>>> print(open('protein_8.pdb').read())   # PDB, C-alpha atoms
MODEL        1
ATOM      1  CA  MET A  13     -26.312  17.574 -37.196  1.00  0.00           C
ATOM      2  CA  LYS A  14     -22.568  16.922 -36.824  1.00  0.00           C
ATOM      3  CA  THR A  15     -22.417  19.334 -33.903  1.00  0.00           C
ATOM      4  CA  LEU A  16     -25.228  17.494 -32.143  1.00  0.00           C
ATOM      5  CA  LEU A  17     -23.456  14.186 -32.696  1.00  0.00           C
ATOM      6  CA  VAL A  18     -20.210  15.573 -31.232  1.00  0.00           C
ATOM      7  CA  VAL A  19     -22.034  17.019 -28.210  1.00  0.00           C
ATOM      8  CA  TRP A  20     -23.825  13.738 -27.489  1.00  0.00           C
ATOM      9  CA  THR A  21     -20.578  11.802 -27.870  1.00  0.00           C
ATOM     10  CA  LEU A  22     -18.888  14.090 -25.345  1.00  0.00           C
ATOM     11  CA  PHE A  23     -21.763  13.642 -22.884  1.00  0.00           C
ATOM     12  CA  LEU A  24     -21.575   9.872 -23.205  1.00  0.00           C
ATOM     13  CA  VAL A  25     -17.795   9.354 -23.302  1.00  0.00           C
ATOM     14  CA  PHE A  26     -16.299  12.175 -21.214  1.00  0.00           C
ATOM     15  CA  PRO A  27     -17.949  11.199 -17.873  1.00  0.00           C
ATOM     16  CA  LYS A  28     -16.411   7.739 -18.203  1.00  0.00           C
ATOM     17  CA  PHE A  29     -12.924   9.262 -18.230  1.00  0.00           C
ATOM     18  CA  LEU A  30     -13.723  11.496 -15.265  1.00  0.00           C
ATOM     19  CA  SER A  31     -15.050   8.644 -13.145  1.00  0.00           C
ATOM     20  CA  GLU A  32     -11.972   6.483 -13.702  1.00  0.00           C
ATOM     21  CA  GLY A  33      -9.544   9.189 -12.628  1.00  0.00           C
ATOM     22  CA  TYR A  34      -5.814   9.098 -13.074  1.00  0.00           C
ATOM     23  CA  LYS A  35      -3.996   5.784 -12.686  1.00  0.00           C
ATOM     24  CA  PRO A  36      -0.205   5.992 -12.529  1.00  0.00           C
ATOM     25  CA  PRO A  37       1.481   3.556 -14.941  1.00  0.00           C
ATOM     26  CA  SER A  38       3.572   2.046 -12.130  1.00  0.00           C
ATOM     27  CA  GLY A  39       0.659   1.958  -9.642  1.00  0.00           C
ATOM     28  CA  PHE A  40      -0.143   4.152  -6.666  1.00  0.00           C
ATOM     29  CA  VAL A  41       2.523   2.353  -4.601  1.00  0.00           C
ATOM     30  CA  PRO A  42       5.446   2.285  -7.048  1.00  0.00           C
ATOM     31  CA  ASN A  43       8.304   1.396  -4.692  1.00  0.00           C
ATOM     32  CA  SER A  44       9.213  -0.162  -1.363  1.00  0.00           C
ATOM     33  CA  SER A  45       9.771   3.121   0.479  1.00  0.00           C
ATOM     34  CA  THR A  46       6.224   4.237  -0.354  1.00  0.00           C
ATOM     35  CA  ALA A  47       4.882   0.854   0.781  1.00  0.00           C
ATOM     36  CA  VAL A  48       6.710   1.172   4.122  1.00  0.00           C
ATOM     37  CA  LYS A  49       5.344   4.692   4.691  1.00  0.00           C
ATOM     38  CA  ILE A  50       1.795   3.522   4.034  1.00  0.00           C
ATOM     39  CA  ALA A  51       2.237   0.497   6.299  1.00  0.00           C
ATOM     40  CA  GLU A  52       3.554   2.602   9.182  1.00  0.00           C
ATOM     41  CA  ALA A  53       0.716   5.104   8.695  1.00  0.00           C
ATOM     42  CA  VAL A  54      -1.928   2.399   9.165  1.00  0.00           C
ATOM     43  CA  LEU A  55      -0.087   0.474  11.900  1.00  0.00           C
ATOM     44  CA  ILE A  56       0.661   3.352  14.304  1.00  0.00           C
ATOM     45  CA  PRO A  57      -2.981   4.228  15.143  1.00  0.00           C
ATOM     46  CA  ILE A  58      -3.696   0.566  15.943  1.00  0.00           C
ATOM     47  CA  TYR A  59      -0.543  -0.700  17.687  1.00  0.00           C
ATOM     48  CA  GLY A  60       0.942   2.576  18.901  1.00  0.00           C
ATOM     49  CA  GLU A  61       3.885   4.654  17.765  1.00  0.00           C
ATOM     50  CA  GLN A  62       6.296   3.192  20.325  1.00  0.00           C
ATOM     51  CA  GLN A  63       5.598  -0.401  19.240  1.00  0.00           C
ATOM     52  CA  ILE A  64       5.882   0.309  15.507  1.00  0.00           C
ATOM     53  CA  THR A  65       8.989   2.489  15.908  1.00  0.00           C
ATOM     54  CA  SER A  66      10.638  -0.375  17.813  1.00  0.00           C
ATOM     55  CA  GLU A  67      10.172  -2.639  14.767  1.00  0.00           C
ATOM     56  CA  ARG A  68      12.125  -0.428  12.368  1.00  0.00           C
ATOM     57  CA  PRO A  69      13.551  -0.910   9.856  1.00  0.00           C
ATOM     58  CA  PHE A  70      10.588  -2.233   7.907  1.00  0.00           C
ATOM     59  CA  GLY A  71      11.257  -4.224   4.763  1.00  0.00           C
ATOM     60  CA  ALA A  72       9.001  -4.459   1.720  1.00  0.00           C
ATOM     61  CA  ASN A  73       8.974  -7.136  -0.973  1.00  0.00           C
ATOM     62  CA  LEU A  74       6.788  -7.169  -4.078  1.00  0.00           C
ATOM     63  CA  LYS A  75       4.910 -10.408  -4.833  1.00  0.00           C
ATOM     64  CA  ASP A  76       2.329 -10.480  -7.660  1.00  0.00           C
ATOM     65  CA  ASP A  77       1.613  -6.717  -7.462  1.00  0.00           C
ATOM     66  CA  VAL A  78       1.222  -6.888  -3.667  1.00  0.00           C
ATOM     67  CA  TRP A  79       3.734  -5.256  -1.346  1.00  0.00           C
ATOM     68  CA  VAL A  80       4.426  -7.396   1.737  1.00  0.00           C
ATOM     69  CA  VAL A  81       5.772  -5.082   4.438  1.00  0.00           C
ATOM     70  CA  GLU A  82       7.224  -6.555   7.650  1.00  0.00           C
ATOM     71  CA  GLY A  83       8.925  -5.135  10.681  1.00  0.00           C
ATOM     72  CA  THR A  84      12.232  -6.301  12.158  1.00  0.00           C
ATOM     73  CA  LEU A  85      12.318  -8.376  15.345  1.00  0.00           C
ATOM     74  CA  HIS A  86      15.077  -7.087  17.617  1.00  0.00           C
ATOM     75  CA  CYS A  87      16.239  -9.680  20.138  1.00  0.00           C
ATOM     76  CA  PRO A  88      17.334  -8.332  23.529  1.00  0.00           C
ATOM     77  CA  GLY A  89      21.110  -8.347  24.008  1.00  0.00           C
ATOM     78  CA  THR A  90      21.956  -8.794  20.314  1.00  0.00           C
ATOM     79  CA  GLN A  91      22.956  -6.439  17.549  1.00  0.00           C
ATOM     80  CA  THR A  92      21.142  -8.314  14.752  1.00  0.00           C
ATOM     81  CA  ALA A  93      18.043 -10.462  14.623  1.00  0.00           C
ATOM     82  CA  SER A  94      19.044 -12.533  11.597  1.00  0.00           C
ATOM     83  CA  ALA A  95      21.122 -15.239  13.326  1.00  0.00           C
ATOM     84  CA  VAL A  96      19.248 -15.313  16.630  1.00  0.00           C
ATOM     85  CA  SER A  97      15.895 -16.812  17.525  1.00  0.00           C
ATOM     86  CA  CYS A  98      13.888 -15.044  20.182  1.00  0.00           C
ATOM     87  CA  ASP A  99      10.285 -14.691  21.303  1.00  0.00           C
ATOM     88  CA  GLY A 100       8.118 -12.021  19.779  1.00  0.00           C
ATOM     89  CA  GLY A 101       6.438 -10.980  16.595  1.00  0.00           C
ATOM     90  CA  VAL A 102       6.330  -8.144  14.126  1.00  0.00           C
ATOM     91  CA  ALA A 103       3.721  -6.303  12.117  1.00  0.00           C
ATOM     92  CA  THR A 104       2.860  -7.445   8.608  1.00  0.00           C
ATOM     93  CA  VAL A 105       0.880  -5.440   6.066  1.00  0.00           C
ATOM     94  CA  ARG A 106      -0.039  -6.376   2.498  1.00  0.00           C
ATOM     95  CA  ILE A 107      -0.716  -3.440   0.177  1.00  0.00           C
ATOM     96  CA  SER A 108      -1.964  -3.441  -3.412  1.00  0.00           C
ATOM     97  CA  LYS A 109       0.660  -1.869  -5.684  1.00  0.00           C
ATOM     98  CA  THR A 110      -2.035  -0.934  -8.192  1.00  0.00           C
ATOM     99  CA  ASP A 111      -4.445   1.035  -6.001  1.00  0.00           C
ATOM    100  CA  GLY A 112      -2.907   1.247  -2.504  1.00  0.00           C
ATOM    101  CA  ARG A 113      -5.607  -0.799  -0.745  1.00  0.00           C
ATOM    102  CA  ILE A 114      -4.683  -2.482   2.522  1.00  0.00           C
ATOM    103  CA  LEU A 115      -5.358  -6.151   1.771  1.00  0.00           C
ATOM    104  CA  PHE A 116      -4.197  -7.664   5.064  1.00  0.00           C
ATOM    105  CA  MET A 117      -2.741  -6.486   8.355  1.00  0.00           C
ATOM    106  CA  TRP A 118      -1.739  -8.251  11.526  1.00  0.00           C
ATOM    107  CA  HIS A 119       0.821  -8.334  14.310  1.00  0.00           C
ATOM    108  CA  GLY A 120       2.510 -11.527  15.483  1.00  0.00           C
ATOM    109  CA  LYS A 121       2.944 -12.375  19.142  1.00  0.00           C
TER     110      LYS A 121
ENDMDL
END
>>> encode(input="protein_8.pdb", output="structure tokens")
Amino acid sequence: MKTLLVVWTLFLVFPKFLSEGYKPPSGFVPNSSTAVKIAEAVLIPIYGEQQITSERPFGANLKDDVWVVEGTLHCPGTQTASAVSCDGGVATVRISKTDGRILFMWHGK
């Protein structure tokens, strides 16, 4: 009788663990470099490798378990974009830290 109870418990409980799979304690996207790699991987097929490469380096900031990844706008004739205002836009991707889902993606003009 005890053996039957153990077998039925395994049949009922074990599939639950298999269906959930492994979840890393720090999420599937644990750091900014991983977030940037994921963002570039989804942006290149849509906007083209040349466009996305021109927006490097990409920066990633974590807000409420969502990575916000943005490209860098390079103004013509300048070394840095921080102090200069110029026309153009960059790619933005929001990625769930927990499961790696792409929550939002767009490219400014």
>>> residues_near_point(input="protein_8.pdb", point="(7.7, -6.3, -2.0)", cutoff="10 Å", atoms="all atoms listed in the file", output="PyMOL selection string")
chain A and resi 43-45+47-48+71-82+106-107+109
>>> write_last_selection(input="protein_8.pdb", atoms="C-alpha atoms", output="mmCIF file, keeping the file's coordinate frame")
data_model
loop_
_atom_site.group_PDB
_atom_site.id
_atom_site.type_symbol
_atom_site.label_atom_id
_atom_site.label_comp_id
_atom_site.auth_asym_id
_atom_site.auth_seq_id
_atom_site.Cartn_x
_atom_site.Cartn_y
_atom_site.Cartn_z
ATOM 1 C CA ASN A 43 8.304 1.396 -4.692
ATOM 2 C CA SER A 44 9.213 -0.162 -1.363
ATOM 3 C CA SER A 45 9.771 3.121 0.479
ATOM 4 C CA ALA A 47 4.882 0.854 0.781
ATOM 5 C CA VAL A 48 6.710 1.172 4.122
ATOM 6 C CA GLY A 71 11.257 -4.224 4.763
ATOM 7 C CA ALA A 72 9.001 -4.459 1.720
ATOM 8 C CA ASN A 73 8.974 -7.136 -0.973
ATOM 9 C CA LEU A 74 6.788 -7.169 -4.078
ATOM 10 C CA LYS A 75 4.910 -10.408 -4.833
ATOM 11 C CA ASP A 76 2.329 -10.480 -7.660
ATOM 12 C CA ASP A 77 1.613 -6.717 -7.462
ATOM 13 C CA VAL A 78 1.222 -6.888 -3.667
ATOM 14 C CA TRP A 79 3.734 -5.256 -1.346
ATOM 15 C CA VAL A 80 4.426 -7.396 1.737
ATOM 16 C CA VAL A 81 5.772 -5.082 4.438
ATOM 17 C CA GLU A 82 7.224 -6.555 7.650
ATOM 18 C CA ARG A 106 -0.039 -6.376 2.498
ATOM 19 C CA ILE A 107 -0.716 -3.440 0.177
ATOM 20 C CA LYS A 109 0.660 -1.869 -5.684
#
>>> closest_residue(input="protein_8.pdb", among="A:Leu85, A:Cys98, A:Val105, A:Leu115", to="Lys49 in chain A", atoms="only C-alpha atoms")
A:Val105
>>> axis_aligned_box(input="protein_8.pdb", around="range 30-48 of chain A", padding_each_side="6 Å", output="lines of an AutoDock Vina configuration file")
center_x = -2.6
center_y = 5.7
center_z = -5.6
size_x = 36.8
size_y = 23.7
size_z = 31.4
>>> residues_around(input="protein_8.pdb", residues="range 53-56 of chain A", least_positions_apart="4", cutoff="9 Å", atoms="only C-alpha atoms", output="NGL selection string")
:A and (48-49 or 60-65 or 103 or 105 or 114 or 117-118)
>>> closest_residue(input="protein_8.pdb", among="A:Gly33, A:Pro88, A:Gly39, A:Pro69", to="Asp111 in chain A", atoms="all atoms listed in the file")
A:Gly39
>>> residues_around(input="protein_8.pdb", residues="Lys35 in chain A", least_positions_apart="6", cutoff="12 Å", atoms="all atoms listed in the file", output="PyMOL selection string")
chain A and resi 29+41-42+109-112
>>> atom_distance(input="protein_8.pdb", atom1="CA of Pro57 in chain A", atom2="CA of Cys87 in chain A")
24.2 Å
>>> atom_distance(input="protein_8.pdb", atom1="CA of Asp99 in chain A", atom2="CA of His119 in chain A")
13.4 Å
>>> atom_distance(input="protein_8.pdb", atom1="CA of Pro36 in chain A", atom2="CA of Ser108 in chain A")
13.2 Å
>>> residues_around(input="protein_8.pdb", residues="Arg68 in chain A", least_positions_apart="6", cutoff="9 Å", atoms="only C-alpha atoms", output="PyMOL selection string")
chain A and resi 83-86
>>> decode(input="protein_8.pdb", residues="range 48-71 of chain A", atoms="N, CA, C and O atoms", output="short mmCIF file (atom, residue, chain, number, x, y, z; two decimals), in the first residue's frame")
data_model
loop_
_atom_site.label_atom_id
_atom_site.label_comp_id
_atom_site.auth_asym_id
_atom_site.auth_seq_id
_atom_site.Cartn_x
_atom_site.Cartn_y
_atom_site.Cartn_z
N VAL A 48 22.26 43.28 -23.70
CA VAL A 48 22.70 43.92 -24.95
C VAL A 48 22.81 42.89 -26.07
O VAL A 48 22.38 43.13 -27.20
N LYS A 49 23.36 41.72 -25.77
CA LYS A 49 23.48 40.67 -26.79
C LYS A 49 22.12 40.23 -27.30
O LYS A 49 21.93 40.03 -28.51
N ILE A 50 21.17 40.08 -26.41
CA ILE A 50 19.81 39.70 -26.82
C ILE A 50 19.19 40.80 -27.67
O ILE A 50 18.59 40.53 -28.72
N ALA A 51 19.34 42.04 -27.23
CA ALA A 51 18.77 43.17 -27.98
C ALA A 51 19.34 43.23 -29.39
O ALA A 51 18.59 43.37 -30.37
N GLU A 52 20.65 43.12 -29.53
CA GLU A 52 21.26 43.16 -30.86
C GLU A 52 20.77 41.99 -31.71
O GLU A 52 20.53 42.15 -32.90
N ALA A 53 20.61 40.83 -31.09
CA ALA A 53 20.16 39.65 -31.84
C ALA A 53 18.75 39.82 -32.42
O ALA A 53 18.47 39.31 -33.51
N VAL A 54 17.88 40.54 -31.73
CA VAL A 54 16.53 40.75 -32.25
C VAL A 54 16.44 41.99 -33.14
O VAL A 54 15.56 42.07 -34.00
N LEU A 55 17.33 42.95 -32.97
CA LEU A 55 17.30 44.17 -33.77
C LEU A 55 17.89 43.98 -35.17
O LEU A 55 17.36 44.52 -36.15
N ILE A 56 18.96 43.23 -35.29
CA ILE A 56 19.67 43.10 -36.57
C ILE A 56 18.78 42.54 -37.69
O ILE A 56 18.78 43.09 -38.79
N PRO A 57 17.99 41.49 -37.46
CA PRO A 57 17.15 41.00 -38.56
C PRO A 57 16.09 42.01 -39.03
O PRO A 57 15.63 41.95 -40.16
N ILE A 58 15.72 42.93 -38.16
CA ILE A 58 14.67 43.90 -38.50
C ILE A 58 15.24 45.17 -39.12
O ILE A 58 14.76 45.65 -40.14
N TYR A 59 16.27 45.74 -38.49
CA TYR A 59 16.80 47.04 -38.93
C TYR A 59 18.09 46.92 -39.72
O TYR A 59 18.57 47.92 -40.26
N GLY A 60 18.68 45.76 -39.78
CA GLY A 60 19.90 45.55 -40.54
C GLY A 60 21.15 45.68 -39.68
O GLY A 60 21.21 46.48 -38.76
N GLU A 61 22.15 44.87 -40.04
CA GLU A 61 23.38 44.85 -39.26
C GLU A 61 24.12 46.18 -39.31
O GLU A 61 24.66 46.64 -38.31
N GLN A 62 24.14 46.82 -40.46
CA GLN A 62 24.86 48.10 -40.59
C GLN A 62 24.25 49.16 -39.67
O GLN A 62 24.98 49.88 -38.99
N GLN A 63 22.93 49.26 -39.64
CA GLN A 63 22.26 50.25 -38.80
C GLN A 63 22.53 49.99 -37.32
O GLN A 63 22.89 50.90 -36.57
N ILE A 64 22.39 48.75 -36.89
CA ILE A 64 22.55 48.43 -35.47
C ILE A 64 24.02 48.55 -35.05
O ILE A 64 24.32 49.07 -33.97
N THR A 65 24.93 48.14 -35.90
CA THR A 65 26.36 48.29 -35.59
C THR A 65 26.73 49.76 -35.44
O THR A 65 27.55 50.11 -34.58
N SER A 66 26.09 50.62 -36.22
CA SER A 66 26.39 52.06 -36.14
C SER A 66 25.91 52.69 -34.84
O SER A 66 26.31 53.81 -34.50
N GLU A 67 25.06 52.00 -34.09
CA GLU A 67 24.53 52.54 -32.84
C GLU A 67 25.26 52.01 -31.61
O GLU A 67 24.87 52.29 -30.47
N ARG A 68 26.33 51.27 -31.82
CA ARG A 68 27.14 50.79 -30.69
C ARG A 68 27.93 51.93 -30.12
O ARG A 68 28.31 52.85 -30.85
N PRO A 69 28.20 51.94 -28.84
CA PRO A 69 27.86 50.92 -27.86
C PRO A 69 26.41 51.04 -27.39
O PRO A 69 25.85 52.13 -27.32
N PHE A 70 25.81 49.91 -27.07
CA PHE A 70 24.49 49.87 -26.49
C PHE A 70 24.63 49.89 -24.98
O PHE A 70 25.55 49.28 -24.43
N GLY A 71 23.72 50.58 -24.32
CA GLY A 71 23.71 50.62 -22.87
C GLY A 71 22.47 49.92 -22.35
O GLY A 71 21.43 49.92 -23.02
#
